[in-house]
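A.B. asks: Data: entry-v4.pdb, PDB, C-alpha atoms.
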ATOM      1  CA  MET U   1     -39.320 -22.526 185.614
ATOM      2  CA  LYS U   2     -39.669 -26.188 184.667
ATOM      3  CA  ILE U   3     -41.173 -27.336 181.432
ATOM      4  CA  ASN U   4     -44.242 -29.363 182.278
ATOM      5  CA  GLU U   5     -47.028 -31.252 180.583
ATOM      6  CA  GLU U   6     -49.418 -28.369 181.137
ATOM      7  CA  ILE U   7     -47.450 -26.017 178.886
ATOM      8  CA  LYS U   8     -47.164 -28.802 176.316
ATOM      9  CA  GLU U   9     -50.952 -29.024 176.016
ATOM     10  CA  LYS U  10     -51.315 -25.350 175.222
ATOM     11  CA  ASN U  11     -50.775 -24.924 171.505
ATOM     12  CA  PRO U  12     -49.961 -21.329 170.639
ATOM     13  CA  PHE U  13     -50.262 -21.881 166.888
ATOM     14  CA  LYS U  14     -53.494 -21.195 165.058
ATOM     15  CA  VAL U  15     -54.653 -22.597 161.727
ATOM     16  CA  PRO U  16     -57.226 -21.261 159.261
ATOM     17  CA  GLU U  17     -60.743 -22.465 159.888
ATOM     18  CA  GLY U  18     -61.497 -25.767 158.157
ATOM     19  CA  TYR U  19     -57.846 -26.339 157.300
ATOM     20  CA  PHE U  20     -57.690 -29.963 158.420
ATOM     21  CA  GLU U  21     -61.169 -30.788 157.119
ATOM     22  CA  THR U  22     -60.066 -29.989 153.550
ATOM     23  CA  LEU U  23     -56.433 -31.117 153.896
ATOM     24  CA  THR U  24     -56.863 -34.538 152.272
ATOM     25  CA  GLU U  25     -58.737 -33.216 149.231
ATOM     26  CA  ARG U  26     -56.264 -30.414 148.638
ATOM     27  CA  THR U  27     -53.302 -32.739 149.088
ATOM     28  CA  MET U  28     -54.652 -35.391 146.714
ATOM     29  CA  ALA U  29     -55.343 -32.674 144.109
ATOM     30  CA  ALA U  30     -51.735 -31.435 144.432
ATOM     31  CA  VAL U  31     -50.377 -34.995 144.181
ATOM     32  CA  MET U  32     -52.444 -35.741 141.052
ATOM     33  CA  ASP U  33     -51.316 -32.433 139.483
ATOM     34  CA  SER U  34     -47.708 -33.406 140.092
ATOM     35  CA  ARG U  35     -48.384 -36.751 138.423
ATOM     36  CA  GLU U  36     -49.632 -34.941 135.285
ATOM     37  CA  GLU U  37     -46.529 -32.734 135.266
ATOM     38  CA  GLU U  38     -44.336 -35.814 135.508
ATOM     39  CA  LYS U  39     -46.092 -37.418 132.511
ATOM     40  CA  LYS U  40     -45.536 -34.252 130.445
ATOM     41  CA  ASP U  41     -41.837 -34.217 131.399
ATOM     42  CA  GLU U  42     -41.490 -37.859 130.329
ATOM     43  CA  GLU U  43     -43.096 -37.059 126.949
ATOM     44  CA  ARG U  44     -40.714 -34.157 126.442
ATOM     45  CA  ALA U  45     -37.739 -36.386 127.249
ATOM     46  CA  GLY U  46     -39.005 -38.950 124.712
ATOM     47  CA  ARG U  47     -39.136 -36.301 121.962
ATOM     48  CA  THR U  48     -35.512 -35.345 122.669
ATOM     49  CA  VAL U  49     -34.393 -38.955 122.261
ATOM     50  CA  ARG U  50     -36.165 -39.206 118.865
ATOM     51  CA  LEU U  51     -34.390 -36.056 117.668
ATOM     52  CA  ARG U  52     -30.930 -37.446 118.478
ATOM     53  CA  PRO U  53     -30.043 -38.750 114.980
ATOM     54  CA  PHE U  54     -30.816 -35.324 113.549
ATOM     55  CA  LEU U  55     -28.791 -33.607 116.207
ATOM     56  CA  ALA U  56     -25.919 -35.921 115.267
ATOM     57  CA  LEU U  57     -26.362 -35.006 111.579
ATOM     58  CA  ALA U  58     -26.385 -31.297 112.394
ATOM     59  CA  ALA U  59     -23.335 -31.806 114.602
ATOM     60  CA  ALA U  60     -21.532 -33.557 111.723
ATOM     61  CA  ILE U  61     -22.219 -30.635 109.383
ATOM     62  CA  VAL U  62     -21.174 -28.057 111.968
ATOM     63  CA  GLY U  63     -18.088 -30.097 112.796
ATOM     64  CA  PHE U  64     -17.148 -30.368 109.130
ATOM     65  CA  ALA U  65     -17.601 -26.616 108.645
ATOM     66  CA  VAL U  66     -15.525 -25.848 111.743
ATOM     67  CA  LEU U  67     -12.778 -28.205 110.612
ATOM     68  CA  SER U  68     -12.732 -26.534 107.226
ATOM     69  CA  ALA U  69     -12.464 -23.068 108.757
ATOM     70  CA  VAL U  70      -9.662 -24.225 111.041
ATOM     71  CA  MET U  71      -7.782 -25.785 108.131
ATOM     72  CA  VAL U  72      -8.127 -22.624 106.062
ATOM     73  CA  ARG U  73      -6.690 -20.587 108.902
ATOM     74  CA  LEU U  74      -3.844 -23.021 109.451
ATOM     75  CA  ILE U  75      -2.917 -23.066 105.810
ATOM     76  CA  ASN U  76      -3.006 -19.265 105.677
ATOM     77  CA  ASP U  77      -0.857 -19.026 108.781
ATOM     78  CA  ASN U  78       1.696 -21.378 107.258
ATOM     79  CA  GLY U  79       1.999 -18.919 104.314
ATOM     80  CA  ASN U  80       1.282 -21.548 101.721
ATOM     81  CA  SER U  81       2.179 -19.953  98.327
ATOM     82  CA  PHE U  82      -0.552 -21.875  96.603
ATOM     83  CA  LEU U  83      -3.070 -19.939  98.620
ATOM     84  CA  ARG U  84      -1.277 -16.623  98.820
ATOM     85  CA  GLY U  85      -3.288 -14.076  96.882
ATOM     86  CA  SER U  86      -6.214 -16.465  96.518
ATOM     87  CA  GLY U  87      -7.799 -15.240  99.731
ATOM     88  CA  SER U  88      -9.134 -17.392 102.509
ATOM     89  CA  GLU U  89     -12.677 -16.398 101.501
ATOM     90  CA  VAL U  90     -12.293 -18.187  98.155
ATOM     91  CA  TYR U  91     -10.915 -21.230  99.889
ATOM     92  CA  ALA U  92     -13.726 -21.159 102.442
ATOM     93  CA  ASP U  93     -16.209 -20.893  99.588
ATOM     94  CA  LEU U  94     -14.649 -23.960  98.022
ATOM     95  CA  PHE U  95     -15.144 -25.863 101.237
ATOM     96  CA  THR U  96     -18.751 -24.715 101.508
ATOM     97  CA  GLU U  97     -19.355 -25.824  97.943
ATOM     98  CA  GLU U  98     -17.813 -29.186  98.828
ATOM     99  CA  ILE U  99     -20.214 -29.577 101.726
ATOM    100  CA  ASP U 100     -23.239 -28.659  99.597
ATOM    101  CA  THR U 101     -22.178 -31.081  96.848
ATOM    102  CA  TYR U 102     -21.681 -33.835  99.382
ATOM    103  CA  LEU U 103     -25.109 -33.215 100.896
ATOM    104  CA  ILE U 104     -26.868 -33.171  97.535
ATOM    105  CA  GLU U 105     -25.081 -36.329  96.383
ATOM    106  CA  ASN U 106     -26.048 -38.120  99.539
ATOM    107  CA  GLU U 107     -29.577 -36.674  99.451
ATOM    108  CA  TRP U 108     -29.441 -35.434 102.992
ATOM    109  CA  SER U 109     -31.769 -32.683 104.070
ATOM    110  CA  MET U 110     -33.269 -31.221 107.209
ATOM    111  CA  THR U 111     -36.607 -32.904 107.075
ATOM    112  CA  ALA U 112     -39.167 -33.429 109.763
ATOM    113  CA  PRO U 113     -38.344 -36.397 111.993
ATOM    114  CA  GLU U 114     -41.081 -38.635 110.641
ATOM    115  CA  GLU U 115     -39.873 -38.171 106.973
ATOM    116  CA  TYR U 116     -36.165 -38.853 107.456
ATOM    117  CA  GLN U 117     -35.072 -42.031 105.723
ATOM    118  CA  GLY U 118     -31.289 -41.730 105.955
ATOM    119  CA  ASP U 119     -28.953 -44.317 107.399
ATOM    120  CA  MET U 120     -27.104 -43.055 110.454
ATOM    121  CA  THR U 121     -25.098 -46.228 111.141
ATOM    122  CA  ASP U 122     -21.880 -44.710 109.765
ATOM    123  CA  LEU U 123     -22.135 -41.830 112.201
ATOM    124  CA  PRO U 124     -21.952 -43.044 115.798
ATOM    125  CA  ALA U 125     -23.705 -40.419 117.880
ATOM    126  CA  GLU U 126     -21.278 -40.818 120.769
ATOM    127  CA  ALA U 127     -18.304 -39.942 118.544
ATOM    128  CA  ILE U 128     -20.064 -36.830 117.264
ATOM    129  CA  ILE U 129     -21.062 -35.759 120.730
ATOM    130  CA  ASP U 130     -17.497 -36.284 121.992
ATOM    131  CA  PHE U 131     -16.254 -34.113 119.130
ATOM    132  CA  LEU U 132     -18.745 -31.376 120.011
ATOM    133  CA  VAL U 133     -17.631 -31.370 123.625
ATOM    134  CA  MET U 134     -13.970 -31.147 122.621
ATOM    135  CA  GLU U 135     -14.681 -28.294 120.224
ATOM    136  CA  ASN U 136     -16.781 -26.473 122.822
ATOM    137  CA  ILE U 137     -19.710 -26.287 120.443
ATOM    138  CA  ASP U 138     -22.836 -25.085 122.154
ATOM    139  CA  VAL U 139     -25.792 -27.436 121.618
ATOM    140  CA  ASN U 140     -28.076 -24.370 121.196
ATOM    141  CA  GLU U 141     -26.217 -23.549 117.953
ATOM    142  CA  ILE U 142     -27.195 -26.980 116.698
ATOM    143  CA  TYR U 143     -30.826 -26.507 117.704
ATOM    144  CA  GLU U 144     -30.851 -23.275 115.666
ATOM    145  CA  LEU U 145     -29.797 -25.239 112.585
ATOM    146  CA  LEU U 146     -32.802 -27.545 112.872
TER     147      LEU U 146
ATOM    148  CA  MET G 147     -66.155 -47.314 162.460
ATOM    149  CA  THR G 148     -62.807 -49.080 162.829
ATOM    150  CA  LYS G 149     -59.774 -46.871 162.735
ATOM    151  CA  VAL G 150     -57.450 -47.396 159.775
ATOM    152  CA  THR G 151     -54.013 -48.668 160.741
ATOM    153  CA  GLU G 152     -50.681 -48.566 158.988
ATOM    154  CA  ASP G 153     -50.901 -52.298 158.344
ATOM    155  CA  ASP G 154     -54.228 -51.837 156.548
ATOM    156  CA  ILE G 155     -52.622 -49.222 154.314
ATOM    157  CA  LYS G 156     -49.572 -51.372 153.552
ATOM    158  CA  LYS G 157     -51.839 -54.255 152.503
ATOM    159  CA  LEU G 158     -53.844 -51.988 150.181
ATOM    160  CA  LEU G 159     -50.860 -50.200 148.602
ATOM    161  CA  PRO G 160     -49.953 -52.778 145.921
ATOM    162  CA  ASP G 161     -53.587 -53.037 144.714
ATOM    163  CA  ASP G 162     -54.854 -49.468 144.930
ATOM    164  CA  ALA G 163     -52.062 -46.982 145.535
ATOM    165  CA  GLU G 164     -54.269 -43.922 145.197
ATOM    166  CA  LYS G 165     -56.811 -45.078 147.739
ATOM    167  CA  ALA G 166     -54.050 -46.180 150.104
ATOM    168  CA  PHE G 167     -52.313 -42.824 149.750
ATOM    169  CA  ARG G 168     -55.518 -40.993 150.560
ATOM    170  CA  MET G 169     -55.703 -43.034 153.751
ATOM    171  CA  ILE G 170     -52.106 -42.069 154.532
ATOM    172  CA  VAL G 171     -52.945 -38.374 154.238
ATOM    173  CA  ASP G 172     -56.030 -38.857 156.422
ATOM    174  CA  LEU G 173     -54.074 -40.749 159.056
ATOM    175  CA  TYR G 174     -50.890 -38.690 159.248
ATOM    176  CA  GLY G 175     -51.723 -35.320 157.689
ATOM    177  CA  SER G 176     -52.343 -33.337 160.856
ATOM    178  CA  LYS G 177     -49.531 -34.977 162.837
ATOM    179  CA  LEU G 178     -47.038 -34.142 160.107
ATOM    180  CA  TYR G 179     -48.449 -30.614 159.822
ATOM    181  CA  TRP G 180     -47.799 -29.877 163.486
ATOM    182  CA  HIS G 181     -44.313 -31.351 163.303
ATOM    183  CA  ILE G 182     -43.524 -29.099 160.335
ATOM    184  CA  ARG G 183     -45.246 -26.082 161.860
ATOM    185  CA  ARG G 184     -43.094 -26.220 164.945
ATOM    186  CA  ILE G 185     -40.022 -26.089 162.729
ATOM    187  CA  VAL G 186     -41.059 -23.437 160.240
ATOM    188  CA  ILE G 187     -43.464 -21.552 162.556
ATOM    189  CA  ILE G 188     -45.370 -19.709 159.796
ATOM    190  CA  HIS G 189     -48.606 -21.424 158.704
ATOM    191  CA  ASP G 190     -48.292 -20.803 154.942
ATOM    192  CA  ASP G 191     -44.783 -22.229 154.961
ATOM    193  CA  ALA G 192     -45.951 -25.236 156.934
ATOM    194  CA  ASP G 193     -48.712 -25.826 154.392
ATOM    195  CA  ASP G 194     -46.221 -25.634 151.502
ATOM    196  CA  ALA G 195     -43.796 -28.016 153.195
ATOM    197  CA  LEU G 196     -46.605 -30.443 153.991
ATOM    198  CA  GLN G 197     -47.803 -30.513 150.382
ATOM    199  CA  ASN G 198     -44.231 -31.045 149.185
ATOM    200  CA  THR G 199     -43.848 -33.862 151.702
ATOM    201  CA  PHE G 200     -46.800 -35.738 150.316
ATOM    202  CA  ILE G 201     -45.865 -35.068 146.699
ATOM    203  CA  ASN G 202     -42.364 -36.457 147.349
ATOM    204  CA  ALA G 203     -43.795 -39.399 149.219
ATOM    205  CA  TRP G 204     -46.115 -40.207 146.309
ATOM    206  CA  LYS G 205     -43.249 -40.025 143.799
ATOM    207  CA  ASN G 206     -41.092 -42.328 145.932
ATOM    208  CA  LEU G 207     -43.800 -44.733 147.032
ATOM    209  CA  GLY G 208     -42.297 -47.407 144.814
ATOM    210  CA  GLY G 209     -39.051 -47.238 146.771
ATOM    211  CA  PHE G 210     -40.671 -47.557 150.189
ATOM    212  CA  ARG G 211     -39.631 -50.768 151.948
ATOM    213  CA  ASN G 212     -42.697 -52.390 153.446
ATOM    214  CA  GLU G 213     -40.877 -53.626 156.519
ATOM    215  CA  SER G 214     -40.124 -50.139 157.853
ATOM    216  CA  SER G 215     -42.606 -47.762 159.459
ATOM    217  CA  LEU G 216     -44.603 -45.601 157.060
ATOM    218  CA  TYR G 217     -44.852 -42.830 159.634
ATOM    219  CA  THR G 218     -41.098 -42.769 160.299
ATOM    220  CA  TRP G 219     -40.489 -42.573 156.561
ATOM    221  CA  LEU G 220     -42.946 -39.686 156.151
ATOM    222  CA  TYR G 221     -41.567 -38.000 159.242
ATOM    223  CA  SER G 222     -38.101 -38.074 157.690
ATOM    224  CA  ILE G 223     -39.332 -36.548 154.447
ATOM    225  CA  SER G 224     -41.294 -33.850 156.274
ATOM    226  CA  THR G 225     -38.287 -32.935 158.448
ATOM    227  CA  ASN G 226     -36.121 -32.483 155.354
ATOM    228  CA  GLU G 227     -38.807 -30.430 153.624
ATOM    229  CA  ALA G 228     -39.186 -28.162 156.645
ATOM    230  CA  LEU G 229     -35.453 -27.609 156.990
ATOM    231  CA  THR G 230     -35.084 -26.964 153.248
ATOM    232  CA  LEU G 231     -37.862 -24.421 153.452
ATOM    233  CA  ILE G 232     -36.398 -22.426 156.333
ATOM    234  CA  ARG G 233     -33.013 -22.331 154.600
ATOM    235  CA  LYS G 234     -34.643 -21.086 151.386
ATOM    236  CA  ARG G 235     -36.616 -18.551 153.382
ATOM    237  CA  GLU G 236     -33.498 -17.231 155.117
ATOM    238  CA  LYS G 237     -31.696 -17.018 151.791
ATOM    239  CA  HIS G 238     -34.453 -15.315 149.793
ATOM    240  CA  SER G 239     -36.328 -13.160 152.251
ATOM    241  CA  GLY G 240     -33.836 -12.825 155.075
ATOM    242  CA  ILE G 241     -36.335 -14.106 157.648
ATOM    243  CA  SER G 242     -34.398 -16.081 160.215
ATOM    244  CA  LEU G 243     -35.843 -17.909 163.180
ATOM    245  CA  ASP G 244     -34.212 -15.380 165.509
ATOM    246  CA  GLY G 245     -36.315 -12.658 163.987
ATOM    247  CA  LEU G 246     -39.558 -14.537 164.379
ATOM    248  CA  GLU G 247     -39.872 -13.681 168.064
ATOM    249  CA  ASP G 248     -40.529 -10.064 167.059
ATOM    250  CA  TYR G 249     -42.758 -11.260 164.221
ATOM    251  CA  PHE G 250     -45.129 -12.894 166.672
ATOM    252  CA  SER G 251     -45.270 -10.047 169.124
ATOM    253  CA  SER G 252     -45.554  -7.119 166.766
ATOM    254  CA  SER G 253     -46.990  -8.053 163.376
ATOM    255  CA  ALA G 254     -50.661  -8.350 162.523
ATOM    256  CA  GLU G 255     -49.960 -11.555 160.649
ATOM    257  CA  GLY G 256     -48.112 -12.860 163.667
ATOM    258  CA  SER G 257     -51.124 -12.318 165.882
ATOM    259  CA  THR G 258     -53.394 -14.033 163.331
ATOM    260  CA  TRP G 259     -51.491 -17.289 163.372
ATOM    261  CA  PHE G 260     -49.900 -17.232 166.764
ATOM    262  CA  ASP G 261     -51.874 -16.830 169.922
ATOM    263  CA  GLY G 262     -51.804 -18.271 173.367
ATOM    264  CA  GLU G 263     -51.165 -17.777 176.984
ATOM    265  CA  GLU G 264     -48.007 -16.150 178.119
ATOM    266  CA  ALA G 265     -46.356 -19.411 179.222
ATOM    267  CA  SER G 266     -46.776 -21.156 175.892
ATOM    268  CA  VAL G 267     -45.705 -18.040 173.985
ATOM    269  CA  LYS G 268     -42.620 -17.769 176.158
ATOM    270  CA  LEU G 269     -41.881 -21.438 175.581
ATOM    271  CA  GLN G 270     -42.081 -20.982 171.820
ATOM    272  CA  ASN G 271     -39.753 -18.011 171.965
ATOM    273  CA  ALA G 272     -37.332 -20.021 174.088
ATOM    274  CA  ILE G 273     -37.393 -22.843 171.552
ATOM    275  CA  LEU G 274     -36.670 -20.379 168.749
ATOM    276  CA  LYS G 275     -33.479 -19.376 170.539
ATOM    277  CA  LEU G 276     -32.062 -22.908 170.368
ATOM    278  CA  PRO G 277     -29.568 -23.971 167.691
ATOM    279  CA  GLU G 278     -31.268 -25.745 164.813
ATOM    280  CA  LYS G 279     -30.397 -29.329 165.733
ATOM    281  CA  GLN G 280     -31.338 -28.880 169.383
ATOM    282  CA  ARG G 281     -34.611 -27.244 168.404
ATOM    283  CA  LEU G 282     -35.436 -30.123 166.120
ATOM    284  CA  VAL G 283     -34.603 -32.707 168.766
ATOM    285  CA  PHE G 284     -36.574 -30.844 171.410
ATOM    286  CA  ASN G 285     -39.662 -30.492 169.220
ATOM    287  CA  MET G 286     -39.549 -34.128 168.192
ATOM    288  CA  LYS G 287     -39.129 -35.423 171.725
ATOM    289  CA  TYR G 288     -41.260 -32.987 173.693
ATOM    290  CA  PHE G 289     -44.152 -32.402 171.307
ATOM    291  CA  GLY G 290     -43.869 -35.328 168.923
ATOM    292  CA  ASP G 291     -43.101 -37.973 171.534
ATOM    293  CA  ILE G 292     -40.772 -39.623 169.045
ATOM    294  CA  SER G 293     -38.472 -42.241 170.532
ATOM    295  CA  TYR G 294     -34.724 -41.634 170.415
ATOM    296  CA  GLU G 295     -34.348 -44.667 168.141
ATOM    297  CA  GLU G 296     -36.827 -43.284 165.594
ATOM    298  CA  MET G 297     -35.184 -39.870 165.858
ATOM    299  CA  SER G 298     -31.809 -41.447 165.205
ATOM    300  CA  GLU G 299     -33.183 -43.037 162.048
ATOM    301  CA  THR G 300     -34.647 -39.738 160.843
ATOM    302  CA  LEU G 301     -31.752 -37.430 161.694
ATOM    303  CA  GLY G 302     -28.844 -39.818 161.200
ATOM    304  CA  THR G 303     -27.458 -39.015 164.661
ATOM    305  CA  SER G 304     -26.621 -41.492 167.434
ATOM    306  CA  VAL G 305     -29.074 -42.051 170.279
ATOM    307  CA  GLY G 306     -26.495 -40.869 172.826
ATOM    308  CA  ALA G 307     -25.925 -37.603 171.012
ATOM    309  CA  LEU G 308     -29.676 -37.057 170.744
ATOM    310  CA  LYS G 309     -30.175 -37.610 174.463
ATOM    311  CA  ALA G 310     -27.417 -35.128 175.248
ATOM    312  CA  SER G 311     -28.893 -32.641 172.786
ATOM    313  CA  TYR G 312     -32.337 -32.905 174.386
ATOM    314  CA  HIS G 313     -30.908 -32.527 177.854
ATOM    315  CA  HIS G 314     -29.061 -29.323 176.869
ATOM    316  CA  ALA G 315     -32.142 -27.971 175.091
ATOM    317  CA  VAL G 316     -34.303 -28.459 178.178
ATOM    318  CA  LYS G 317     -31.708 -26.716 180.395
ATOM    319  CA  LYS G 318     -31.487 -23.719 178.062
ATOM    320  CA  ILE G 319     -35.255 -23.396 177.815
ATOM    321  CA  GLU G 320     -35.693 -23.568 181.582
ATOM    322  CA  GLN G 321     -33.027 -20.877 182.028
ATOM    323  CA  TYR G 322     -34.798 -18.677 179.488
ATOM    324  CA  LEU G 323     -38.173 -19.161 181.154
ATOM    325  CA  THR G 324     -36.717 -18.389 184.575
ATOM    326  CA  GLY G 325     -34.682 -15.385 183.437
TER     327      GLY G 325
END
Mind turning the file's structure into structure tokens?
C.D. replies:
Amino acid sequence: MKINEEIKEKNPFKVPEGYFETLTERTMAAVMDSREEEKKDEERAGRTVRLRPFLALAAAIVGFAVLSAVMVRLINDNGNSFLRGSGSEVYADLFTEEIDTYLIENEWSMTAPEEYQGDMTDLPAEAIIDFLVMENIDVNEIYELL
Amino acid sequence: MTKVTEDDIKKLLPDDAEKAFRMIVDLYGSKLYWHIRRIVIIHDDADDALQNTFINAWKNLGGFRNESSLYTWLYSISTNEALTLIRKREKHSGISLDGLEDYFSSSAEGSTWFDGEEASVKLQNAILKLPEKQRLVFNMKYFGDISYEEMSETLGTSVGALKASYHHAVKKIEQYLTG
């Protein structure tokens, strides 16, 4: 049987009643809704950019703490007699105290973004982020610190 | 009342994008719907793909080059949306186009959205049997009356290959209808 124009004219598909009459209105409503969603996404992205200096600060603290822990372990593994008997916990405490002292002296704190007055120029964000990637530090851990 | 043309819309776009876009939906909405429907078959899926087509078109309106055809551009987007949808559908619900022949003949939903004389029903079933690319080419040429050059632009396939594809599709359909 040959395909002919007659079969072409017969449309076997049905549509709900009034579908095409309301198509433009429904479509424009969906398009405008998507525009609103896009605006919200852009606002969210903007907030993330403003938080970056604080993420870098948190990353610096976490990085410092990780480095300290690693150094403690290394020194213990090397059997350093200075540390033998002193316990890695004491040494870790010393490091923590160092961090706290450093923070207090430099008047750093986890404040709300609009109150932070610190100078971040000594801490390039890219270097911190590179360090985080190398150390496999999960960014969610940093968010929890904020 | 004078009919709105694509040129009218292109002239309006820089000044009033929303009004121009509304005119686009008015002008091409039903044509694009039928093109999508023949690919995805099920009405609700066609409606979803059509909405996604227009949403994508709106988002990318800034990138549309005024010298090309608005309809060809929309046609391309709608083809991709329809194909994406059927692949998602196959992946998530296991409904493949092969199974839709039974869907039309046996399900209540099938009879709600699919009805027609025996010849046109048989034709649709024959089309469903074709491989995806051939089915697309056949639908575009036979129902959509799209030129091979426009098809080539949309599908990224040479005109020669498209002509061969259409020729094979027609032969297979005629064999099915005769058998």
A.B. asks: If the cut-off is 10 Å, can you tell me the residues of chain G near chain U, counting all atoms listed in the file? I'd like them as JSON, numbers by chain.
C.D. replies: {"G": [164, 165, 167, 168, 169, 170, 171, 172, 173, 175, 176, 179, 180, 183, 184, 187, 188, 189, 190, 193, 196, 197, 198, 199, 200, 201, 202, 203, 204, 205, 256, 257, 258, 259, 260, 261, 262, 263, 264, 265, 266, 267, 268, 269, 270, 288, 289, 316, 317, 319, 320, 321, 322, 323, 324, 325]}
A.B. asks: Quick one: 8 Å padding each side, axis-aligned, all listed atoms of segment 291-310 of chain G - centre and edge lengths in Å to one decimal, as JSON?
C.D. replies:
{"center_x": -34.5, "center_y": -39.9, "center_z": 168.0, "size_x": 33.2, "size_y": 25.5, "size_z": 30.4}
A.B. asks: What gap, in Å, lies between atom CA of Pro124 of chain U and atom CA of Phe64 of chain U?
C.D. replies: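 These atoms are spaced 15.1 Å apart.
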A.B. asks: Do a neighbour search on segment 293-298 of chain G at 8 Å with all atoms listed in the file, toss out local chain neighbours closer than 3 positions, and write the hits as a PyMOL selection string.
C.D. replies: chain G and resi 218+283+286-287+301-305+308-309
A.B. asks: Hey, can you check how far atom CA of Thr230 of chain G sits from atom CA of Gly290 of chain G?
C.D. replies: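 We find that atom CA of Thr230 of chain G and atom CA of Gly290 of chain G lie 19.8 Å from each other.
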A.B. asks: Take atom CA of Ile185 of chain G and atom CA of Tyr312 of chain G and report the distance between them in Å, one decimal.
C.D. replies: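 Atom CA of Ile185 of chain G sits 15.5 Å away from atom CA of Tyr312 of chain G.
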A.B. asks: Name the residues captured by the PyMOL selection byres ((chain U and resi 56) around 9) when it is applied to the shown file; answer as a ChimeraX atom specification.
C.D. replies: /U:51-55,57-61,120,123-126,128-129
A.B. asks: Check which residues satisfy the PyMOL selection byres ((chain G and resi 155) around 10) in the file shown, then give them as a VMD selection string.
C.D. replies: chain G and resid 150 to 154 156 to 160 162 to 163 165 to 170 173 216
A.B. asks: Identify which of the residues G:Ala307, G:Glu236, G:Gly209, G:Ile182 lies closest to Asp194 of chain G, counting all atoms listed in the file when measuring atom-to-atom distances.
C.D. replies: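 Closest to Asp194 of chain G, using all atoms listed in the file: G:Ile182.
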